[in-house]
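K.L.:
Got my_file_14.txt for you, compact mmCIF, C-alpha atoms:
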```
# COMPACT_ATOMS: atom_id res chain seq x y z
CA MET A 1 44.35 71.72 -38.21
CA SER A 2 42.64 71.24 -34.90
CA ALA A 3 44.11 68.97 -32.21
CA PRO A 4 42.13 65.86 -31.18
CA ALA A 5 39.80 66.28 -28.28
CA GLN A 6 41.44 65.43 -24.99
CA THR A 7 39.62 63.20 -22.54
CA PRO A 8 40.06 63.71 -18.81
CA GLY A 9 42.63 61.47 -17.09
CA ILE A 10 45.88 60.01 -18.33
CA GLY A 11 44.37 57.19 -20.38
CA ILE A 12 44.58 54.16 -18.09
CA ALA A 13 40.87 53.58 -18.58
CA ASN A 14 41.63 52.92 -22.25
CA LEU A 15 43.61 49.74 -21.48
CA PRO A 16 40.56 47.43 -21.78
CA ASN A 17 40.01 48.73 -25.30
CA GLN A 18 43.66 47.99 -26.14
CA ARG A 19 43.32 44.54 -24.67
CA HIS A 20 40.14 43.98 -26.68
CA LYS A 21 41.99 44.86 -29.90
CA ILE A 22 44.85 42.46 -29.08
CA VAL A 23 42.50 39.60 -28.24
CA ALA A 24 40.32 40.27 -31.28
CA LYS A 25 43.36 40.20 -33.55
CA ARG A 26 44.97 37.15 -31.98
CA GLY A 27 41.78 35.16 -31.55
CA GLY A 28 41.38 32.42 -28.95
CA HIS A 29 41.67 28.69 -28.53
CA PHE A 30 39.54 26.37 -26.48
CA THR A 31 39.98 22.64 -25.83
CA MET A 32 37.05 20.55 -24.69
CA MET A 33 36.88 16.84 -23.88
CA VAL A 34 33.77 14.68 -23.93
CA VAL A 35 33.74 11.44 -21.93
CA GLY A 36 30.98 8.88 -21.65
CA GLU A 37 29.62 5.60 -22.91
CA SER A 38 28.70 5.14 -26.55
CA GLY A 39 25.21 6.13 -27.60
CA LEU A 40 24.73 9.00 -25.14
CA GLY A 41 24.78 11.75 -27.78
CA LYS A 42 28.29 13.17 -27.35
CA THR A 43 28.78 13.84 -31.08
CA THR A 44 25.28 15.28 -31.44
CA LEU A 45 25.80 17.65 -28.50
CA ILE A 46 29.12 18.89 -29.92
CA ASN A 47 27.48 19.68 -33.26
CA THR A 48 24.49 21.30 -31.51
CA LEU A 49 26.67 23.45 -29.23
CA PHE A 50 28.60 25.04 -32.07
CA SER A 51 25.82 24.96 -34.67
CA THR A 52 27.95 23.11 -37.19
CA GLU A 53 28.88 19.54 -38.03
CA LEU A 54 32.26 19.24 -36.35
CA ALA A 55 32.11 15.47 -35.94
CA ALA A 56 30.50 12.81 -38.09
CA GLY A 57 27.99 10.48 -36.52
CA LYS A 58 29.09 7.05 -35.37
CA ASP A 59 27.91 3.79 -36.91
CA TYR A 60 26.68 1.89 -33.86
CA LYS A 61 25.89 -1.21 -35.91
CA ARG A 62 29.66 -1.86 -35.91
CA ARG A 63 29.93 -1.07 -32.21
CA PHE A 64 30.81 -4.61 -31.16
CA THR A 65 33.24 -5.48 -33.96
CA LYS A 66 36.22 -4.40 -31.82
CA GLN A 67 35.38 -6.32 -28.70
CA MET A 68 38.73 -8.09 -28.80
CA ASP A 69 40.58 -4.77 -28.55
CA LYS A 70 39.20 -3.53 -25.24
CA THR A 71 40.82 -0.10 -25.12
CA THR A 72 39.65 3.48 -24.84
CA GLU A 73 40.69 5.52 -27.84
CA ILE A 74 41.44 9.23 -28.16
CA ASP A 75 39.98 11.09 -31.16
CA ILE A 76 40.97 14.72 -31.74
CA ILE A 77 38.76 17.03 -33.79
CA LYS A 78 40.03 20.51 -34.70
CA ALA A 79 38.07 23.36 -36.20
CA GLU A 80 38.21 27.14 -36.52
CA LEU A 81 35.00 29.00 -35.75
CA GLU A 82 34.32 32.62 -36.64
CA GLU A 83 31.59 34.90 -35.38
CA LYS A 84 31.51 38.66 -35.98
CA GLN A 85 35.12 38.56 -37.27
CA PHE A 86 36.39 36.91 -34.08
CA LYS A 87 38.06 33.53 -34.56
CA VAL A 88 38.36 30.70 -32.08
CA LYS A 89 40.47 27.61 -32.66
CA LEU A 90 38.40 24.80 -31.19
CA THR A 91 39.73 21.37 -30.26
CA VAL A 92 37.29 18.64 -29.26
CA ILE A 93 38.65 15.41 -27.79
CA ASP A 94 36.38 12.37 -27.98
CA THR A 95 36.96 9.11 -26.09
CA PRO A 96 35.27 6.25 -27.98
CA GLY A 97 35.38 2.88 -26.30
CA PHE A 98 35.09 4.13 -22.74
CA GLY A 99 32.65 2.13 -20.62
CA ASP A 100 31.49 -0.09 -23.49
CA TYR A 101 32.65 -3.43 -22.11
CA VAL A 102 31.70 -5.81 -19.34
CA ASN A 103 35.16 -5.46 -17.78
CA ASN A 104 35.98 -1.73 -17.68
CA ARG A 105 38.91 -2.01 -15.31
CA ASP A 106 41.43 0.78 -15.94
CA SER A 107 39.45 1.97 -18.97
CA TRP A 108 39.99 5.53 -17.74
CA MET A 109 43.79 5.32 -17.92
CA PRO A 110 44.15 6.50 -21.57
CA ILE A 111 41.99 9.54 -20.73
CA ILE A 112 43.93 10.42 -17.58
CA ASP A 113 47.26 9.83 -19.35
CA PHE A 114 46.22 12.14 -22.19
CA ILE A 115 45.34 14.99 -19.82
CA ASP A 116 48.60 14.57 -17.89
CA ASP A 117 50.60 14.32 -21.12
CA GLN A 118 49.27 17.69 -22.29
CA HIS A 119 50.33 19.32 -19.01
CA GLU A 120 53.71 17.60 -19.32
CA SER A 121 54.17 18.73 -22.93
CA TYR A 122 53.37 22.36 -22.07
CA MET A 123 55.69 22.31 -19.05
CA ARG A 124 58.53 20.91 -21.17
CA GLN A 125 58.00 23.67 -23.74
CA GLU A 126 58.18 26.31 -21.01
CA GLN A 127 61.53 24.91 -19.85
CA GLN A 128 63.18 25.29 -23.26
CA PRO A 129 65.80 28.08 -23.77
CA GLN A 130 63.91 29.37 -26.80
CA ARG A 131 60.20 29.56 -26.22
CA GLY A 132 58.42 30.35 -29.44
CA GLU A 133 54.81 29.64 -30.19
CA LYS A 134 53.91 26.80 -27.85
CA VAL A 135 51.59 23.96 -28.77
CA ASP A 136 48.89 24.04 -26.12
CA MET A 137 46.39 21.18 -25.95
CA ARG A 138 45.61 21.41 -22.25
CA VAL A 139 41.98 20.49 -21.65
CA HIS A 140 39.93 23.47 -20.46
CA ALA A 141 36.64 21.68 -19.86
CA CYS A 142 35.56 18.06 -19.64
CA LEU A 143 31.93 17.14 -20.21
CA TYR A 144 31.15 13.84 -18.51
CA PHE A 145 27.99 12.19 -19.86
CA ILE A 146 25.89 10.24 -17.36
CA ARG A 147 23.41 7.64 -18.58
CA PRO A 148 19.84 8.60 -17.54
CA THR A 149 19.09 5.48 -15.50
CA GLY A 150 17.10 7.32 -12.85
CA HIS A 151 19.01 5.63 -10.03
CA THR A 152 22.43 7.10 -9.19
CA LEU A 153 26.05 7.13 -10.36
CA LYS A 154 27.65 3.80 -11.21
CA PRO A 155 30.98 2.80 -9.62
CA LEU A 156 32.71 3.44 -12.97
CA ASP A 157 31.29 6.98 -13.02
CA ILE A 158 32.56 7.65 -9.51
CA GLU A 159 36.05 6.30 -10.20
CA ILE A 160 36.69 8.33 -13.33
CA MET A 161 34.99 11.50 -12.04
CA LYS A 162 37.30 11.47 -9.02
CA ARG A 163 40.33 11.30 -11.29
CA LEU A 164 39.03 13.86 -13.77
CA GLY A 165 37.95 16.37 -11.14
CA SER A 166 41.48 16.71 -9.80
CA ARG A 167 42.96 17.33 -13.27
CA VAL A 168 40.45 19.31 -15.30
CA ASN A 169 37.30 21.43 -15.05
CA LEU A 170 34.71 18.66 -14.75
CA ILE A 171 31.16 19.40 -15.86
CA PRO A 172 28.70 16.49 -15.32
CA ILE A 173 25.86 16.10 -17.79
CA VAL A 174 22.73 13.94 -17.73
CA ALA A 175 22.46 12.82 -21.33
CA LYS A 176 19.20 12.29 -23.24
CA ALA A 177 17.06 14.08 -20.69
CA ASP A 178 14.00 13.58 -22.92
CA THR A 179 13.99 9.86 -22.03
CA ILE A 180 13.08 10.46 -18.38
CA THR A 181 10.15 12.24 -16.75
CA PRO A 182 10.75 15.66 -15.13
CA THR A 183 10.02 14.28 -11.64
CA ASP A 184 12.43 11.37 -12.05
CA LEU A 185 15.00 13.70 -13.60
CA ALA A 186 14.91 16.05 -10.60
CA GLN A 187 15.31 13.12 -8.19
CA PHE A 188 18.11 11.68 -10.33
CA LYS A 189 20.02 14.98 -10.31
CA ALA A 190 19.58 15.25 -6.53
CA ARG A 191 21.00 11.74 -6.05
CA ILE A 192 23.95 12.57 -8.30
CA ASN A 193 24.72 15.70 -6.28
CA ASP A 194 24.52 13.69 -3.05
CA VAL A 195 27.04 11.16 -4.38
CA ILE A 196 29.32 13.94 -5.64
CA ARG A 197 29.38 15.53 -2.19
CA ALA A 198 29.74 12.20 -0.34
CA GLN A 199 32.61 11.02 -2.58
CA GLY A 200 34.39 14.38 -2.57
CA ILE A 201 34.32 14.69 -6.37
CA ARG A 202 35.51 18.09 -7.58
CA VAL A 203 33.30 19.64 -10.25
CA TYR A 204 33.61 23.04 -11.87
CA SER A 205 31.65 25.77 -10.13
CA PRO A 206 31.37 29.19 -11.82
CA PRO A 207 32.61 32.05 -9.62
CA VAL A 208 30.00 34.26 -7.97
CA GLU A 209 31.01 37.91 -8.49
CA VAL A 210 29.89 39.92 -5.51
CA ASP A 211 30.28 43.26 -7.31
CA ASP A 212 27.95 42.31 -10.17
CA ASP A 213 24.46 41.31 -9.06
CA SER A 214 23.25 40.06 -12.46
CA ALA A 215 26.41 37.98 -13.05
CA ALA A 216 26.23 36.60 -9.51
CA GLU A 217 22.59 35.61 -9.96
CA HIS A 218 23.40 33.97 -13.31
CA ALA A 219 26.24 32.00 -11.68
CA ARG A 220 23.90 30.82 -8.91
CA VAL A 221 21.38 29.65 -11.53
CA LEU A 222 24.09 27.67 -13.30
CA ILE A 223 25.30 26.10 -10.05
CA SER A 224 21.76 25.09 -9.04
CA ALA A 225 21.19 23.46 -12.45
CA MET A 226 24.18 21.10 -12.18
CA PRO A 227 24.39 18.40 -13.38
CA PHE A 228 22.97 19.80 -16.59
CA SER A 229 20.21 17.81 -18.25
CA ILE A 230 20.75 17.90 -21.99
CA ILE A 231 18.82 17.17 -25.17
CA GLY A 232 20.94 17.16 -28.29
CA SER A 233 19.60 17.48 -31.84
CA THR A 234 20.68 19.16 -35.06
CA GLN A 235 17.33 18.58 -36.79
CA ASP A 236 14.73 21.26 -37.38
CA VAL A 237 11.25 20.27 -36.24
CA HIS A 238 7.94 22.12 -36.27
CA THR A 239 6.03 22.79 -33.07
CA ALA A 240 2.27 22.83 -32.65
CA ASP A 241 2.24 26.65 -32.69
CA GLY A 242 4.10 26.80 -36.02
CA ARG A 243 7.64 27.50 -34.82
CA THR A 244 10.71 25.80 -36.33
CA VAL A 245 13.14 24.77 -33.63
CA LYS A 246 16.01 22.38 -32.98
CA GLY A 247 14.64 19.39 -31.16
CA ARG A 248 13.21 15.89 -31.25
CA GLU A 249 9.68 15.10 -32.37
CA TYR A 250 7.58 12.53 -30.50
CA LEU A 251 3.96 11.44 -30.60
CA TRP A 252 3.25 13.53 -27.51
CA GLY A 253 4.96 16.65 -28.87
CA VAL A 254 8.38 18.20 -29.42
CA ALA A 255 11.32 18.22 -27.03
CA GLU A 256 13.05 21.53 -27.75
CA VAL A 257 16.80 21.87 -27.34
CA GLU A 258 16.80 25.55 -26.42
CA ASN A 259 13.69 25.51 -24.26
CA GLU A 260 14.79 25.84 -20.62
CA GLU A 261 11.61 24.13 -19.48
CA HIS A 262 12.71 21.01 -21.38
CA CYS A 263 16.46 20.88 -20.68
CA ASP A 264 19.51 22.89 -19.56
CA PHE A 265 21.17 23.21 -22.97
CA LYS A 266 21.15 27.03 -22.94
CA LYS A 267 22.68 27.07 -19.48
CA LEU A 268 25.46 24.72 -20.58
CA ARG A 269 26.15 26.78 -23.70
CA SER A 270 26.26 29.93 -21.61
CA LEU A 271 28.71 28.32 -19.21
CA LEU A 272 31.00 27.00 -21.94
CA ILE A 273 30.90 29.86 -24.42
CA ARG A 274 28.97 33.00 -23.58
CA THR A 275 29.92 33.81 -19.99
CA HIS A 276 32.61 31.53 -18.53
CA MET A 277 34.92 30.36 -21.32
CA LEU A 278 37.72 32.67 -20.15
CA ASP A 279 37.27 31.52 -16.57
CA LEU A 280 37.50 27.89 -17.69
CA ILE A 281 40.76 28.68 -19.50
CA ALA A 282 42.13 30.67 -16.56
CA THR A 283 41.19 27.96 -14.06
CA SER A 284 42.92 25.33 -16.20
CA GLU A 285 46.11 27.40 -16.36
CA GLU A 286 46.19 28.80 -12.84
CA SER A 287 44.85 25.82 -10.90
CA HIS A 288 45.05 22.45 -12.65
CA TYR A 289 48.21 23.09 -14.65
CA GLU A 290 49.96 24.73 -11.70
CA ASN A 291 49.03 21.82 -9.44
CA TYR A 292 50.52 19.40 -11.94
CA ARG A 293 53.65 21.51 -12.43
CA GLN A 294 54.16 21.86 -8.68
CA SER A 295 53.73 18.13 -8.05
CA GLN A 296 56.22 17.30 -10.80
CA MET A 297 58.80 19.92 -9.78
CA GLU A 298 58.75 18.62 -6.21
CA THR A 299 59.72 15.11 -7.27
CA ARG A 300 61.87 15.71 -10.37
CA LYS A 301 65.01 17.61 -11.21
CA PHE A 302 64.86 20.46 -13.70
CA GLY A 303 64.74 19.08 -17.23
CA GLU A 304 64.43 15.48 -16.08
CA PRO A 305 61.96 13.51 -18.21
CA LYS A 306 58.84 12.10 -16.66
CA VAL A 307 58.96 8.45 -15.75
CA LYS A 308 56.17 6.79 -17.63
CA LYS A 309 54.34 3.98 -15.93
CA VAL A 310 53.54 1.20 -18.30
CA GLU A 311 49.93 0.68 -17.29
CA ASN A 312 48.30 0.52 -20.67
CA PRO A 313 45.10 -1.56 -20.37
CA LYS A 314 45.79 -3.07 -23.78
CA PHE A 315 49.17 -4.34 -22.58
CA LYS A 316 47.55 -5.68 -19.42
CA GLU A 317 44.96 -7.57 -21.45
CA GLU A 318 47.69 -9.01 -23.68
CA GLU A 319 49.78 -9.90 -20.63
CA GLU A 320 46.83 -11.65 -19.00
CA ALA A 321 46.06 -13.50 -22.22
CA LEU A 322 49.68 -14.64 -22.53
CA ARG A 323 49.76 -15.65 -18.87
CA LYS A 324 46.53 -17.61 -19.29
CA ARG A 325 47.82 -19.34 -22.42
CA PHE A 326 51.13 -20.13 -20.71
CA THR A 327 49.29 -21.56 -17.69
CA GLU A 328 47.11 -23.70 -19.94
CA GLN A 329 50.16 -24.98 -21.81
CA VAL A 330 51.92 -25.76 -18.52
CA LYS A 331 48.85 -27.66 -17.34
CA MET A 332 48.69 -29.58 -20.61
CA GLU A 333 52.38 -30.48 -20.35
CA GLU A 334 51.97 -31.52 -16.73
CA ALA A 335 49.03 -33.72 -17.67
CA ARG A 336 51.08 -35.22 -20.49
CA PHE A 337 54.02 -35.81 -18.16
CA ARG A 338 51.74 -37.40 -15.56
CA GLN A 339 50.35 -39.67 -18.27
CA TRP A 340 53.87 -40.65 -19.32
CA GLU A 341 54.80 -41.18 -15.68
CA GLN A 342 51.85 -43.50 -15.19
CA HIS A 343 52.77 -45.30 -18.39
CA LEU A 344 56.39 -45.67 -17.22
CA ILE A 345 55.25 -46.89 -13.80
CA ALA A 346 52.99 -49.47 -15.43
CA GLU A 347 55.80 -50.52 -17.76
CA ARG A 348 58.16 -50.79 -14.80
CA ASP A 349 55.68 -52.91 -12.89
CA ARG A 350 55.20 -55.15 -15.94
CA LEU A 351 58.95 -55.56 -16.39
CA ASN A 352 59.41 -56.25 -12.68
CA LYS A 353 56.68 -58.86 -12.87
CA ASP A 354 58.26 -60.42 -15.94
CA LEU A 355 61.61 -60.34 -14.16
CA GLU A 356 60.14 -62.04 -11.11
CA GLN A 357 58.58 -64.67 -13.36
CA ALA A 358 61.93 -65.16 -15.09
CA HIS A 359 63.62 -65.53 -11.72
CA SER A 360 60.99 -68.05 -10.67
CA SER A 361 61.46 -69.98 -13.91
CA ILE A 362 65.23 -69.94 -13.45
CA LYS A 363 64.91 -71.22 -9.90
CA ALA A 364 62.54 -73.94 -11.04
CA LEU A 365 64.95 -74.90 -13.78
CA GLU A 366 67.82 -74.94 -11.27
CA VAL A 367 65.85 -77.19 -8.96
CA GLU A 368 64.95 -79.44 -11.88
CA LEU A 369 68.56 -79.44 -13.00
CA ASP A 370 69.77 -80.36 -9.53
CA GLY A 371 67.23 -83.14 -9.44
CA LEU A 372 68.39 -84.47 -12.78
CA GLY A 373 72.03 -84.24 -11.71
CA ALA A 374 71.34 -86.15 -8.50
CA SER A 375 69.44 -88.92 -10.30
CA GLN A 376 72.18 -89.33 -12.90
CA GLY A 377 74.89 -89.58 -10.20
CA TYR A 378 72.99 -92.32 -8.31
CA GLY A 379 72.60 -94.42 -11.48
CA SER A 380 76.35 -94.38 -12.29
CA VAL A 381 77.29 -95.43 -8.76
CA ALA A 382 74.92 -98.39 -8.91
CA ARG A 383 76.35 -99.68 -12.22
CA GLY A 384 79.95 -99.43 -10.86
CA THR A 385 79.10 -101.70 -7.87
CA ALA A 386 77.53 -104.37 -10.03
CA GLY A 387 80.63 -104.61 -12.28
CA SER A 388 83.02 -105.15 -9.36
CA ARG A 389 80.99 -108.12 -8.14
CA ARG A 390 81.48 -109.92 -11.36
```
Just dump the structure as structure tokens.

P.N.:
Amino acid sequence: MSAPAQTPGIGIANLPNQRHKIVAKRGGHFTMMVVGESGLGKTTLINTLFSTELAAGKDYKRRFTKQMDKTTEIDIIKAELEEKQFKVKLTVIDTPGFGDYVNNRDSWMPIIDFIDDQHESYMRQEQQPQRGEKVDMRVHACLYFIRPTGHTLKPLDIEIMKRLGSRVNLIPIVAKADTITPTDLAQFKARINDVIRAQGIRVYSPPVEVDDDSAAEHARVLISAMPFSIIGSTQDVHTADGRTVKGREYLWGVAEVENEEHCDFKKLRSLLIRTHMLDLIATSEESHYENYRQSQMETRKFGEPKVKKVENPKFKEEEEALRKRFTEQVKMEEARFRQWEQHLIAERDRLNKDLEQAHSSIKALEVELDGLGASQGYGSVARGTAGSRR
């Protein structure tokens, strides 16, 4: 029996193959968050990205039935994807209700709290004496959908992007790019980049590898395309030249999802899945999570629970409603008391007037009585004198 052929070296170069086997057997997990106003195609883009129906479409006819409950919700969608016998556990976090109201004050708090809570949960698991399989829901990438107005970022966009950029890999997206002309779209993206730089908003930038020219060039292309302009569609349409593609059909033609002349969908998919998924995961663990852990360890003792700030927008709305109702009731009671006070003052004045009239009547009667007494006394004296003369 012949011995196996020996390769030169001691075998260190074989470590990548070993690592590949371990990763292929274990699989991977990726958590992505989508944030933006309703109707910008978040669900459609998720289904288009992963070529499957992960999330059901929303019924926007019932969009305004929950106007009384002005809160941003957190929806978690989990799925397991498999391609060429490699499995990835995918978690997609949707945020319905964000930015859908006239008053959007603090509407970002549930989103920020969720991201911080996942860092907190993972840190608490690491501090346990027995660390088994940890539940990891830390967000690796956050797609922020920008409405294609053609102007610039709204104040709400700036506020939440500042908070997201310091906690997660933020990737801005211009939604529904087929609703704006290419010239206006280019100007819109330039204005967005100007605001991002002026406001100091941190967005994810893929690393440029100096030792790999093709990878470095690809990274530069991705950076220059940000914010990505996206067209989402899961429908098959036919083009004028007979091709069947994913896209949207209009009277003037077809807007193709995977046509780089129409939108940046392929660039976004490459960034999220094909080329930079591991870098997104590594950046989340080594940068954002470490920043959170360091900030918490500097202000807390080991094992001490996090002090939760009660800043739920729902509670604030209820508190304001109760305060308003209490104020209205106080005003109503004050008005009622003032009315009673006026009534009592009027009654007092009436009684005082009646009392004065009674006093006047009594005085008049006393005067009349004195007069009667005086006249009766004079008459008796006169009769006594006449009798003595007789």

K.L.:
Rounded to one decimal in Å, what is the spacing between atom CA of A:Glu298 and atom CA of A:Glu120?

P.N.:
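Atom CA of A:Glu298 sits 14.1 Å away from atom CA of A:Glu120.
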
K.L.:
Considering all atoms listed in the file, tabulate each residue of stretch 106-130 of chain A that lies at most 12 Å from stretch 78-94 of chain A along with its nearest interatomic pair and the corresponding distance in Å to one decimal; arrange the rows by chain and ascending residue number and present them as a Markdown table.

P.N.:
```
| residue | atom | partner | partner_atom | distance |
| --- | --- | --- | --- | --- |
| A:Pro110 | CA | A:Asp94 | CA | 11.7 |
| A:Ile111 | CA | A:Asp94 | CA | 9.6 |
| A:Phe114 | CA | A:Ile93 | CA | 10.0 |
| A:Ile115 | CA | A:Ile93 | CA | 10.4 |
```

K.L.:
(5.8, 22.1, -34.1) in this file's frame - what residues fall within 12 Å of it? Use all atoms listed in the file and give the answer as an MDAnalysis selection string.

P.N.:
chainID A and resid 236:256

K.L.:
Using all atoms listed in the file, determine which residues lie at most 12 Å from stretch 205-211 of chain A, disregarding the query and same-chain residues fewer than 5 positions distant; provide the list as a PDB file with C-alpha atoms, in the frame of the given file.

P.N.:
```pdb
ATOM      1  CA  ALA A 141      36.640  21.680 -19.860  1.00  0.00           C
ATOM      2  CA  GLY A 165      37.950  16.370 -11.140  1.00  0.00           C
ATOM      3  CA  ASN A 169      37.300  21.430 -15.050  1.00  0.00           C
ATOM      4  CA  LEU A 170      34.710  18.660 -14.750  1.00  0.00           C
ATOM      5  CA  ILE A 171      31.160  19.400 -15.860  1.00  0.00           C
ATOM      6  CA  PRO A 172      28.700  16.490 -15.320  1.00  0.00           C
ATOM      7  CA  ALA A 216      26.230  36.600  -9.510  1.00  0.00           C
ATOM      8  CA  GLU A 217      22.590  35.610  -9.960  1.00  0.00           C
ATOM      9  CA  HIS A 218      23.400  33.970 -13.310  1.00  0.00           C
ATOM     10  CA  ALA A 219      26.240  32.000 -11.680  1.00  0.00           C
ATOM     11  CA  ARG A 220      23.900  30.820  -8.910  1.00  0.00           C
ATOM     12  CA  VAL A 221      21.380  29.650 -11.530  1.00  0.00           C
ATOM     13  CA  LEU A 222      24.090  27.670 -13.300  1.00  0.00           C
ATOM     14  CA  ILE A 223      25.300  26.100 -10.050  1.00  0.00           C
ATOM     15  CA  SER A 224      21.760  25.090  -9.040  1.00  0.00           C
ATOM     16  CA  ALA A 225      21.190  23.460 -12.450  1.00  0.00           C
ATOM     17  CA  MET A 226      24.180  21.100 -12.180  1.00  0.00           C
ATOM     18  CA  PRO A 227      24.390  18.400 -13.380  1.00  0.00           C
ATOM     19  CA  LYS A 267      22.680  27.070 -19.480  1.00  0.00           C
ATOM     20  CA  LEU A 268      25.460  24.720 -20.580  1.00  0.00           C
ATOM     21  CA  SER A 270      26.260  29.930 -21.610  1.00  0.00           C
ATOM     22  CA  LEU A 271      28.710  28.320 -19.210  1.00  0.00           C
ATOM     23  CA  LEU A 272      31.000  27.000 -21.940  1.00  0.00           C
ATOM     24  CA  THR A 275      29.920  33.810 -19.990  1.00  0.00           C
ATOM     25  CA  HIS A 276      32.610  31.530 -18.530  1.00  0.00           C
ATOM     26  CA  MET A 277      34.920  30.360 -21.320  1.00  0.00           C
ATOM     27  CA  LEU A 278      37.720  32.670 -20.150  1.00  0.00           C
ATOM     28  CA  ASP A 279      37.270  31.520 -16.570  1.00  0.00           C
ATOM     29  CA  LEU A 280      37.500  27.890 -17.690  1.00  0.00           C
ATOM     30  CA  ALA A 282      42.130  30.670 -16.560  1.00  0.00           C
ATOM     31  CA  THR A 283      41.190  27.960 -14.060  1.00  0.00           C
TER      32      THR A 283
END
```

K.L.:
Work out how far atom CA of A:Phe50 is from atom CA of A:Thr234, in Å to one decimal.

P.N.:
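Separating atom CA of A:Thr234 from atom CA of A:Phe50 is a distance of 10.3 Å.
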
K.L.:
Could you tell me how far atom CA of A:Ala177 lies from atom CA of A:Phe228, in Å and to one decimal?

P.N.:
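It comes out at 9.2 Å.
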
K.L.:
Which residues of stretch 98-209 of chain A come within 12 Å of stretch 317-321 of chain A, and what is each one's closest atom pair and distance in Å (one decimal), counting all atoms listed in the file, sorted by chain and residue number, as CSV?

P.N.:
```
residue,atom,partner,partner_atom,distance
A:Asn103,CA,A:Glu317,CA,10.7
A:Asn104,CA,A:Glu317,CA,11.4
A:Arg105,CA,A:Glu317,CA,10.3
A:Asp106,CA,A:Glu317,CA,10.6
A:Ser107,CA,A:Glu317,CA,11.3
```

K.L.:
Out of A:Glu366, A:Asp100, A:Asp157, A:Asp178, which residue has the shortest atom-to-atom distance to A:Ser38 when counting all atoms listed in the file?

P.N.:
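Among the listed residues, the smallest separation from A:Ser38 belongs to A:Asp100.
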
K.L.:
So that all listed atoms of stretch 139-154 of chain A fit with 3 Å spare on each side, what axis-aligned box centre and edge lengths in Å, to one decimal, would you give as lines of an AutoDock Vina configuration file?

P.N.:
```
center_x = 29.5
center_y = 13.6
center_z = -15.4
size_x = 30.9
size_y = 25.7
size_z = 18.5
```

K.L.:
Pick out the closest residue to A:Leu54 from this set: A:Ile76, A:Ile201, A:Ser375, A:Val23. Count only C-alpha atoms.

P.N.:
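Checking each of A:Ile76, A:Ile201, A:Ser375, A:Val23 against A:Leu54, counting only C-alpha atoms, the winner is A:Ile76.
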
K.L.:
What would the list of residues within 7 Å of (32.3, 2.1, -27.2) (file frame) look like as a PDB file with C-alpha atoms, in the frame of the given file, if only C-alpha atoms are what count?

P.N.:
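Produced file selection_8.pdb, reproduced below:
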```pdb
ATOM      1  CA  GLU A  37      29.620   5.600 -22.910  1.00  0.00           C
ATOM      2  CA  SER A  38      28.700   5.140 -26.550  1.00  0.00           C
ATOM      3  CA  ARG A  63      29.930  -1.070 -32.210  1.00  0.00           C
ATOM      4  CA  PRO A  96      35.270   6.250 -27.980  1.00  0.00           C
ATOM      5  CA  GLY A  97      35.380   2.880 -26.300  1.00  0.00           C
ATOM      6  CA  PHE A  98      35.090   4.130 -22.740  1.00  0.00           C
ATOM      7  CA  GLY A  99      32.650   2.130 -20.620  1.00  0.00           C
ATOM      8  CA  ASP A 100      31.490  -0.090 -23.490  1.00  0.00           C
TER       9      ASP A 100
END
```
